[in-house]
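Engineer: Pasting input08.txt here (compact mmCIF, N, CA and C atoms):
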```
# COMPACT_ATOMS: atom_id res chain seq x y z
N MET P 80 68.29 79.49 109.42
CA MET P 80 69.52 80.24 109.28
C MET P 80 69.62 80.73 107.84
N CYS P 81 70.03 81.97 107.66
CA CYS P 81 70.09 82.54 106.31
C CYS P 81 71.45 82.27 105.67
N SER P 82 71.48 82.36 104.35
CA SER P 82 72.71 82.12 103.61
C SER P 82 73.65 83.32 103.76
N LEU P 83 74.89 83.13 103.35
CA LEU P 83 75.86 84.23 103.42
C LEU P 83 75.44 85.41 102.56
N HIS P 84 74.73 85.15 101.49
CA HIS P 84 74.26 86.24 100.62
C HIS P 84 73.27 87.14 101.35
N GLU P 85 72.61 86.60 102.36
CA GLU P 85 71.59 87.36 103.10
C GLU P 85 72.10 87.92 104.42
N ARG P 86 73.31 87.57 104.82
CA ARG P 86 73.85 88.02 106.10
C ARG P 86 74.53 89.36 106.00
N TYR P 87 74.40 90.13 107.07
CA TYR P 87 75.06 91.44 107.17
C TYR P 87 75.83 91.50 108.46
N ILE P 88 76.94 92.22 108.44
CA ILE P 88 77.74 92.44 109.64
C ILE P 88 77.88 93.93 109.85
N THR P 89 78.13 94.32 111.08
CA THR P 89 78.33 95.72 111.41
C THR P 89 79.82 95.98 111.54
N VAL P 90 80.30 96.97 110.81
CA VAL P 90 81.71 97.35 110.87
C VAL P 90 81.81 98.82 111.26
N THR P 91 82.91 99.17 111.89
CA THR P 91 83.17 100.56 112.25
C THR P 91 84.07 101.16 111.19
N THR P 92 83.64 102.25 110.60
CA THR P 92 84.41 102.91 109.55
C THR P 92 85.55 103.71 110.15
N ALA P 93 86.43 104.22 109.29
CA ALA P 93 87.59 105.00 109.73
C ALA P 93 87.18 106.24 110.51
N ASP P 94 86.01 106.81 110.20
CA ASP P 94 85.56 108.00 110.91
C ASP P 94 84.69 107.68 112.13
N GLY P 95 84.63 106.40 112.51
CA GLY P 95 83.93 106.02 113.73
C GLY P 95 82.46 105.65 113.57
N ARG P 96 81.93 105.77 112.37
CA ARG P 96 80.52 105.40 112.15
C ARG P 96 80.39 103.89 112.05
N GLU P 97 79.23 103.38 112.46
CA GLU P 97 78.94 101.97 112.28
C GLU P 97 78.16 101.80 111.00
N GLU P 98 78.53 100.81 110.23
CA GLU P 98 77.93 100.59 108.93
C GLU P 98 77.61 99.11 108.77
N SER P 99 76.51 98.81 108.14
CA SER P 99 76.11 97.44 107.90
C SER P 99 76.55 97.03 106.49
N LEU P 100 77.32 95.96 106.42
CA LEU P 100 77.82 95.48 105.13
C LEU P 100 77.38 94.04 104.92
N SER P 101 77.21 93.68 103.66
CA SER P 101 76.95 92.29 103.33
C SER P 101 78.15 91.46 103.77
N ALA P 102 77.90 90.26 104.26
CA ALA P 102 79.00 89.39 104.69
C ALA P 102 79.94 89.08 103.54
N LEU P 103 79.43 89.15 102.30
CA LEU P 103 80.25 88.86 101.13
C LEU P 103 80.67 90.12 100.37
N ASP P 104 80.64 91.26 101.02
CA ASP P 104 81.00 92.52 100.37
C ASP P 104 82.46 92.49 99.89
N VAL P 105 82.69 92.97 98.68
CA VAL P 105 84.04 92.94 98.10
C VAL P 105 85.05 93.78 98.88
N SER P 106 84.61 94.73 99.64
CA SER P 106 85.54 95.55 100.42
C SER P 106 86.19 94.75 101.55
N ARG P 107 85.64 93.60 101.86
CA ARG P 107 86.19 92.76 102.93
C ARG P 107 87.12 91.69 102.40
N VAL P 108 87.32 91.64 101.08
CA VAL P 108 88.15 90.61 100.47
C VAL P 108 89.62 90.99 100.58
N GLU P 109 90.43 90.03 100.96
CA GLU P 109 91.87 90.22 101.01
C GLU P 109 92.49 89.29 99.97
N ASN P 110 93.19 89.87 99.01
CA ASN P 110 93.83 89.05 97.98
C ASN P 110 95.09 88.42 98.55
N VAL P 111 95.12 87.11 98.54
CA VAL P 111 96.24 86.36 99.09
C VAL P 111 96.65 85.31 98.06
N GLU P 112 97.94 85.16 97.88
CA GLU P 112 98.43 84.09 97.01
C GLU P 112 99.02 83.01 97.90
N PHE P 113 98.54 81.80 97.70
CA PHE P 113 98.99 80.67 98.49
C PHE P 113 99.99 79.84 97.69
N VAL P 114 100.87 79.17 98.41
CA VAL P 114 101.83 78.29 97.77
C VAL P 114 101.10 77.03 97.32
N GLU P 115 101.34 76.64 96.10
CA GLU P 115 100.68 75.47 95.53
C GLU P 115 101.37 74.19 96.00
N PHE P 116 100.57 73.21 96.39
CA PHE P 116 101.14 71.93 96.81
C PHE P 116 101.62 71.15 95.59
N ARG P 117 102.77 70.55 95.74
CA ARG P 117 103.30 69.63 94.74
C ARG P 117 103.76 68.37 95.46
N PRO P 118 103.55 67.22 94.86
CA PRO P 118 103.98 65.98 95.52
C PRO P 118 105.50 65.90 95.66
N LEU P 119 105.92 65.09 96.59
CA LEU P 119 107.34 64.85 96.82
C LEU P 119 107.96 64.31 95.53
N PRO P 120 109.10 64.87 95.11
CA PRO P 120 109.72 64.39 93.87
C PRO P 120 110.07 62.91 93.96
N SER P 121 109.93 62.22 92.85
CA SER P 121 110.18 60.78 92.86
C SER P 121 111.66 60.44 92.86
N ASP P 122 112.51 61.37 92.42
CA ASP P 122 113.95 61.05 92.36
C ASP P 122 114.60 61.03 93.74
N LYS P 123 114.02 61.71 94.69
CA LYS P 123 114.43 61.70 96.09
C LYS P 123 115.89 62.12 96.35
N ASP P 124 116.47 62.94 95.46
CA ASP P 124 117.80 63.46 95.80
C ASP P 124 117.62 64.49 96.91
N GLN P 125 118.63 64.66 97.72
CA GLN P 125 118.51 65.46 98.94
C GLN P 125 118.12 66.91 98.67
N ALA P 126 118.64 67.51 97.60
CA ALA P 126 118.31 68.90 97.28
C ALA P 126 116.83 69.03 96.95
N ALA P 127 116.28 68.08 96.20
CA ALA P 127 114.86 68.11 95.84
C ALA P 127 113.99 67.92 97.07
N VAL P 128 114.41 67.03 97.96
CA VAL P 128 113.65 66.81 99.20
C VAL P 128 113.68 68.06 100.07
N ASP P 129 114.85 68.69 100.17
CA ASP P 129 114.96 69.93 100.97
C ASP P 129 114.07 71.03 100.40
N ALA P 130 114.05 71.17 99.08
CA ALA P 130 113.20 72.18 98.45
C ALA P 130 111.72 71.87 98.71
N TRP P 131 111.37 70.59 98.65
CA TRP P 131 109.99 70.19 98.90
C TRP P 131 109.60 70.48 100.36
N LEU P 132 110.51 70.20 101.30
CA LEU P 132 110.24 70.49 102.71
C LEU P 132 110.06 71.98 102.96
N GLU P 133 110.87 72.79 102.30
CA GLU P 133 110.72 74.24 102.45
C GLU P 133 109.36 74.69 101.92
N ARG P 134 108.95 74.16 100.78
CA ARG P 134 107.64 74.48 100.21
C ARG P 134 106.53 74.02 101.15
N ALA P 135 106.68 72.83 101.73
CA ALA P 135 105.68 72.31 102.67
C ALA P 135 105.56 73.22 103.89
N ASN P 136 106.67 73.77 104.36
CA ASN P 136 106.62 74.68 105.50
C ASN P 136 105.87 75.97 105.17
N PHE P 137 106.02 76.47 103.93
CA PHE P 137 105.25 77.64 103.51
C PHE P 137 103.76 77.31 103.48
N ILE P 138 103.42 76.12 103.03
CA ILE P 138 102.01 75.71 102.99
C ILE P 138 101.46 75.62 104.41
N ILE P 139 102.24 75.10 105.33
CA ILE P 139 101.81 75.02 106.74
C ILE P 139 101.56 76.42 107.28
N GLU P 140 102.44 77.37 106.96
CA GLU P 140 102.23 78.76 107.40
C GLU P 140 100.93 79.33 106.82
N ASP P 141 100.67 79.05 105.55
CA ASP P 141 99.43 79.52 104.91
C ASP P 141 98.21 78.95 105.63
N LEU P 142 98.25 77.66 105.93
CA LEU P 142 97.11 77.02 106.59
C LEU P 142 96.91 77.56 108.01
N ARG P 143 97.98 77.80 108.72
CA ARG P 143 97.86 78.38 110.07
C ARG P 143 97.25 79.77 110.00
N TRP P 144 97.66 80.55 108.99
CA TRP P 144 97.09 81.89 108.81
C TRP P 144 95.59 81.79 108.55
N LEU P 145 95.20 80.85 107.69
CA LEU P 145 93.78 80.66 107.40
C LEU P 145 92.99 80.29 108.65
N LEU P 146 93.55 79.41 109.47
CA LEU P 146 92.85 78.97 110.67
C LEU P 146 92.70 80.08 111.71
N LYS P 147 93.57 81.08 111.66
CA LYS P 147 93.50 82.18 112.63
C LYS P 147 92.53 83.28 112.20
N LEU P 148 92.01 83.21 110.96
CA LEU P 148 91.07 84.23 110.51
C LEU P 148 89.79 84.17 111.31
N PRO P 149 89.16 85.32 111.54
CA PRO P 149 87.86 85.31 112.19
C PRO P 149 86.86 84.50 111.34
N TYR P 150 85.92 83.88 111.98
CA TYR P 150 85.01 82.98 111.29
C TYR P 150 84.23 83.64 110.17
N GLU P 151 83.97 84.95 110.27
CA GLU P 151 83.17 85.62 109.25
C GLU P 151 83.99 86.01 108.03
N ARG P 152 85.28 85.77 108.05
CA ARG P 152 86.14 86.14 106.92
C ARG P 152 86.20 84.97 105.99
```
Translate the structure of the given file into structure tokens.
Structural biologist:
Amino acid sequence: MCSLHERYITVTTADGREESLSALDVSRVENVEFVEFRPLPSDKDQAAVDAWLERANFIIEDLRWLLKLPYER
């Protein structure tokens, strides 16, 4: 099996042509900013816990998005 640097995929361009691209071609990169994980605050006041839970839910959404990506992405 060849490395990703040696793999090519076939994509259909906007004008309908098929083109072979490197699997690691920069045109296939999608810039995404993910929410950074932070540990649960030690003070445990309710507002801090609620903020942490909201942040955790954003991280869960990010992970679900990642899992839904096609394997070659």
Engineer: Check the smallest atom-to-atom distance from each of P:Leu148, P:Ala127, P:Leu119, P:Val90 to Ser106 (chain P) using only C-alpha atoms, then report the winner.
Structural biologist: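 Using only C-alpha atoms, the shortest distance to Ser106 (chain P) belongs to P:Val90.
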Engineer: Residues of chain P in helix (DSSP H, G or I) according to DSSP, as a list in words?
Structural biologist: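 Everything in chain P that counts as helix (DSSP H, G or I) is Leu83, His84, Glu85, Val105, Ser106, Arg107, Gln125, Ala126, Ala127, Val128, Asp129, Ala130, Trp131, Leu132, Glu133, Arg134, Ala135, Asn136, Phe137, Ile138, Ile139, Glu140, Asp141, Leu142, Arg143, Trp144, Leu145, Leu146 and Lys147 of chain P.
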Engineer: Could you write out the selected residues, including N, CA and C atoms, as a PDB file, in the coordinates of the input?
Structural biologist:
```
ATOM      1  N   LEU P  83      74.890  83.130 103.350  1.00  0.00           N
ATOM      2  CA  LEU P  83      75.860  84.230 103.420  1.00  0.00           C
ATOM      3  C   LEU P  83      75.440  85.410 102.560  1.00  0.00           C
ATOM      4  N   HIS P  84      74.730  85.150 101.490  1.00  0.00           N
ATOM      5  CA  HIS P  84      74.260  86.240 100.620  1.00  0.00           C
ATOM      6  C   HIS P  84      73.270  87.140 101.350  1.00  0.00           C
ATOM      7  N   GLU P  85      72.610  86.600 102.360  1.00  0.00           N
ATOM      8  CA  GLU P  85      71.590  87.360 103.100  1.00  0.00           C
ATOM      9  C   GLU P  85      72.100  87.920 104.420  1.00  0.00           C
ATOM     10  N   VAL P 105      82.690  92.970  98.680  1.00  0.00           N
ATOM     11  CA  VAL P 105      84.040  92.940  98.100  1.00  0.00           C
ATOM     12  C   VAL P 105      85.050  93.780  98.880  1.00  0.00           C
ATOM     13  N   SER P 106      84.610  94.730  99.640  1.00  0.00           N
ATOM     14  CA  SER P 106      85.540  95.550 100.420  1.00  0.00           C
ATOM     15  C   SER P 106      86.190  94.750 101.550  1.00  0.00           C
ATOM     16  N   ARG P 107      85.640  93.600 101.860  1.00  0.00           N
ATOM     17  CA  ARG P 107      86.190  92.760 102.930  1.00  0.00           C
ATOM     18  C   ARG P 107      87.120  91.690 102.400  1.00  0.00           C
ATOM     19  N   GLN P 125     118.630  64.660  97.720  1.00  0.00           N
ATOM     20  CA  GLN P 125     118.510  65.460  98.940  1.00  0.00           C
ATOM     21  C   GLN P 125     118.120  66.910  98.670  1.00  0.00           C
ATOM     22  N   ALA P 126     118.640  67.510  97.600  1.00  0.00           N
ATOM     23  CA  ALA P 126     118.310  68.900  97.280  1.00  0.00           C
ATOM     24  C   ALA P 126     116.830  69.030  96.950  1.00  0.00           C
ATOM     25  N   ALA P 127     116.280  68.080  96.200  1.00  0.00           N
ATOM     26  CA  ALA P 127     114.860  68.110  95.840  1.00  0.00           C
ATOM     27  C   ALA P 127     113.990  67.920  97.070  1.00  0.00           C
ATOM     28  N   VAL P 128     114.410  67.030  97.960  1.00  0.00           N
ATOM     29  CA  VAL P 128     113.650  66.810  99.200  1.00  0.00           C
ATOM     30  C   VAL P 128     113.680  68.060 100.070  1.00  0.00           C
ATOM     31  N   ASP P 129     114.850  68.690 100.170  1.00  0.00           N
ATOM     32  CA  ASP P 129     114.960  69.930 100.970  1.00  0.00           C
ATOM     33  C   ASP P 129     114.070  71.030 100.400  1.00  0.00           C
ATOM     34  N   ALA P 130     114.050  71.170  99.080  1.00  0.00           N
ATOM     35  CA  ALA P 130     113.200  72.180  98.450  1.00  0.00           C
ATOM     36  C   ALA P 130     111.720  71.870  98.710  1.00  0.00           C
ATOM     37  N   TRP P 131     111.370  70.590  98.650  1.00  0.00           N
ATOM     38  CA  TRP P 131     109.990  70.190  98.900  1.00  0.00           C
ATOM     39  C   TRP P 131     109.600  70.480 100.360  1.00  0.00           C
ATOM     40  N   LEU P 132     110.510  70.200 101.300  1.00  0.00           N
ATOM     41  CA  LEU P 132     110.240  70.490 102.710  1.00  0.00           C
ATOM     42  C   LEU P 132     110.060  71.980 102.960  1.00  0.00           C
ATOM     43  N   GLU P 133     110.870  72.790 102.300  1.00  0.00           N
ATOM     44  CA  GLU P 133     110.720  74.240 102.450  1.00  0.00           C
ATOM     45  C   GLU P 133     109.360  74.690 101.920  1.00  0.00           C
ATOM     46  N   ARG P 134     108.950  74.160 100.780  1.00  0.00           N
ATOM     47  CA  ARG P 134     107.640  74.480 100.210  1.00  0.00           C
ATOM     48  C   ARG P 134     106.530  74.020 101.150  1.00  0.00           C
ATOM     49  N   ALA P 135     106.680  72.830 101.730  1.00  0.00           N
ATOM     50  CA  ALA P 135     105.680  72.310 102.670  1.00  0.00           C
ATOM     51  C   ALA P 135     105.560  73.220 103.890  1.00  0.00           C
ATOM     52  N   ASN P 136     106.670  73.770 104.360  1.00  0.00           N
ATOM     53  CA  ASN P 136     106.620  74.680 105.500  1.00  0.00           C
ATOM     54  C   ASN P 136     105.870  75.970 105.170  1.00  0.00           C
ATOM     55  N   PHE P 137     106.020  76.470 103.930  1.00  0.00           N
ATOM     56  CA  PHE P 137     105.250  77.640 103.510  1.00  0.00           C
ATOM     57  C   PHE P 137     103.760  77.310 103.480  1.00  0.00           C
ATOM     58  N   ILE P 138     103.420  76.120 103.030  1.00  0.00           N
ATOM     59  CA  ILE P 138     102.010  75.710 102.990  1.00  0.00           C
ATOM     60  C   ILE P 138     101.460  75.620 104.410  1.00  0.00           C
ATOM     61  N   ILE P 139     102.240  75.100 105.330  1.00  0.00           N
ATOM     62  CA  ILE P 139     101.810  75.020 106.740  1.00  0.00           C
ATOM     63  C   ILE P 139     101.560  76.420 107.280  1.00  0.00           C
ATOM     64  N   GLU P 140     102.440  77.370 106.960  1.00  0.00           N
ATOM     65  CA  GLU P 140     102.230  78.760 107.400  1.00  0.00           C
ATOM     66  C   GLU P 140     100.930  79.330 106.820  1.00  0.00           C
ATOM     67  N   ASP P 141     100.670  79.050 105.550  1.00  0.00           N
ATOM     68  CA  ASP P 141      99.430  79.520 104.910  1.00  0.00           C
ATOM     69  C   ASP P 141      98.210  78.950 105.630  1.00  0.00           C
ATOM     70  N   LEU P 142      98.250  77.660 105.930  1.00  0.00           N
ATOM     71  CA  LEU P 142      97.110  77.020 106.590  1.00  0.00           C
ATOM     72  C   LEU P 142      96.910  77.560 108.010  1.00  0.00           C
ATOM     73  N   ARG P 143      97.980  77.800 108.720  1.00  0.00           N
ATOM     74  CA  ARG P 143      97.860  78.380 110.070  1.00  0.00           C
ATOM     75  C   ARG P 143      97.250  79.770 110.000  1.00  0.00           C
ATOM     76  N   TRP P 144      97.660  80.550 108.990  1.00  0.00           N
ATOM     77  CA  TRP P 144      97.090  81.890 108.810  1.00  0.00           C
ATOM     78  C   TRP P 144      95.590  81.790 108.550  1.00  0.00           C
ATOM     79  N   LEU P 145      95.200  80.850 107.690  1.00  0.00           N
ATOM     80  CA  LEU P 145      93.780  80.660 107.400  1.00  0.00           C
ATOM     81  C   LEU P 145      92.990  80.290 108.650  1.00  0.00           C
ATOM     82  N   LEU P 146      93.550  79.410 109.470  1.00  0.00           N
ATOM     83  CA  LEU P 146      92.850  78.970 110.670  1.00  0.00           C
ATOM     84  C   LEU P 146      92.700  80.080 111.710  1.00  0.00           C
ATOM     85  N   LYS P 147      93.570  81.080 111.660  1.00  0.00           N
ATOM     86  CA  LYS P 147      93.500  82.180 112.630  1.00  0.00           C
ATOM     87  C   LYS P 147      92.530  83.280 112.200  1.00  0.00           C
TER      88      LYS P 147
END
```
Engineer: Considering all atoms listed in the file, can you say which of P:Ala135, P:Ala130, P:Ala93, P:Ala102 comes closest to Glu115 (chain P)?
Structural biologist: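 Nearest candidate to Glu115 (chain P) out of P:Ala135, P:Ala130, P:Ala93, P:Ala102: P:Ala135.
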Engineer: Looking only at strand (DSSP E or B) from DSSP on the backbone, list the matching residues of chain P as a list in words.
Structural biologist: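 Filtering chain P to strand (DSSP E or B) leaves Tyr87, Ile88, Thr89, Val90, Thr91, Glu97, Glu98, Ser99, Leu100 and Ser101 of chain P.
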Engineer: If I take CA of Ile138 (chain P) and atom C of Ala126 (chain P), how far is one from the other in Å, to one decimal?
Structural biologist: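 Distance reported for this atom pair: 17.3 Å.
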Engineer: So the first atom is atom N of Trp131 (chain P) and the second is CA of Arg143 (chain P); what is the distance between them in Å, to one decimal place?
Structural biologist: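 Atom N of Trp131 (chain P) sits 19.3 Å away from CA of Arg143 (chain P).
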Engineer: How many Å lie between atom N of Leu100 (chain P) and CA of Arg86 (chain P), rounded to one decimal?
Structural biologist: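 Atom-to-atom, atom N of Leu100 (chain P) to CA of Arg86 (chain P), that is 8.7 Å.
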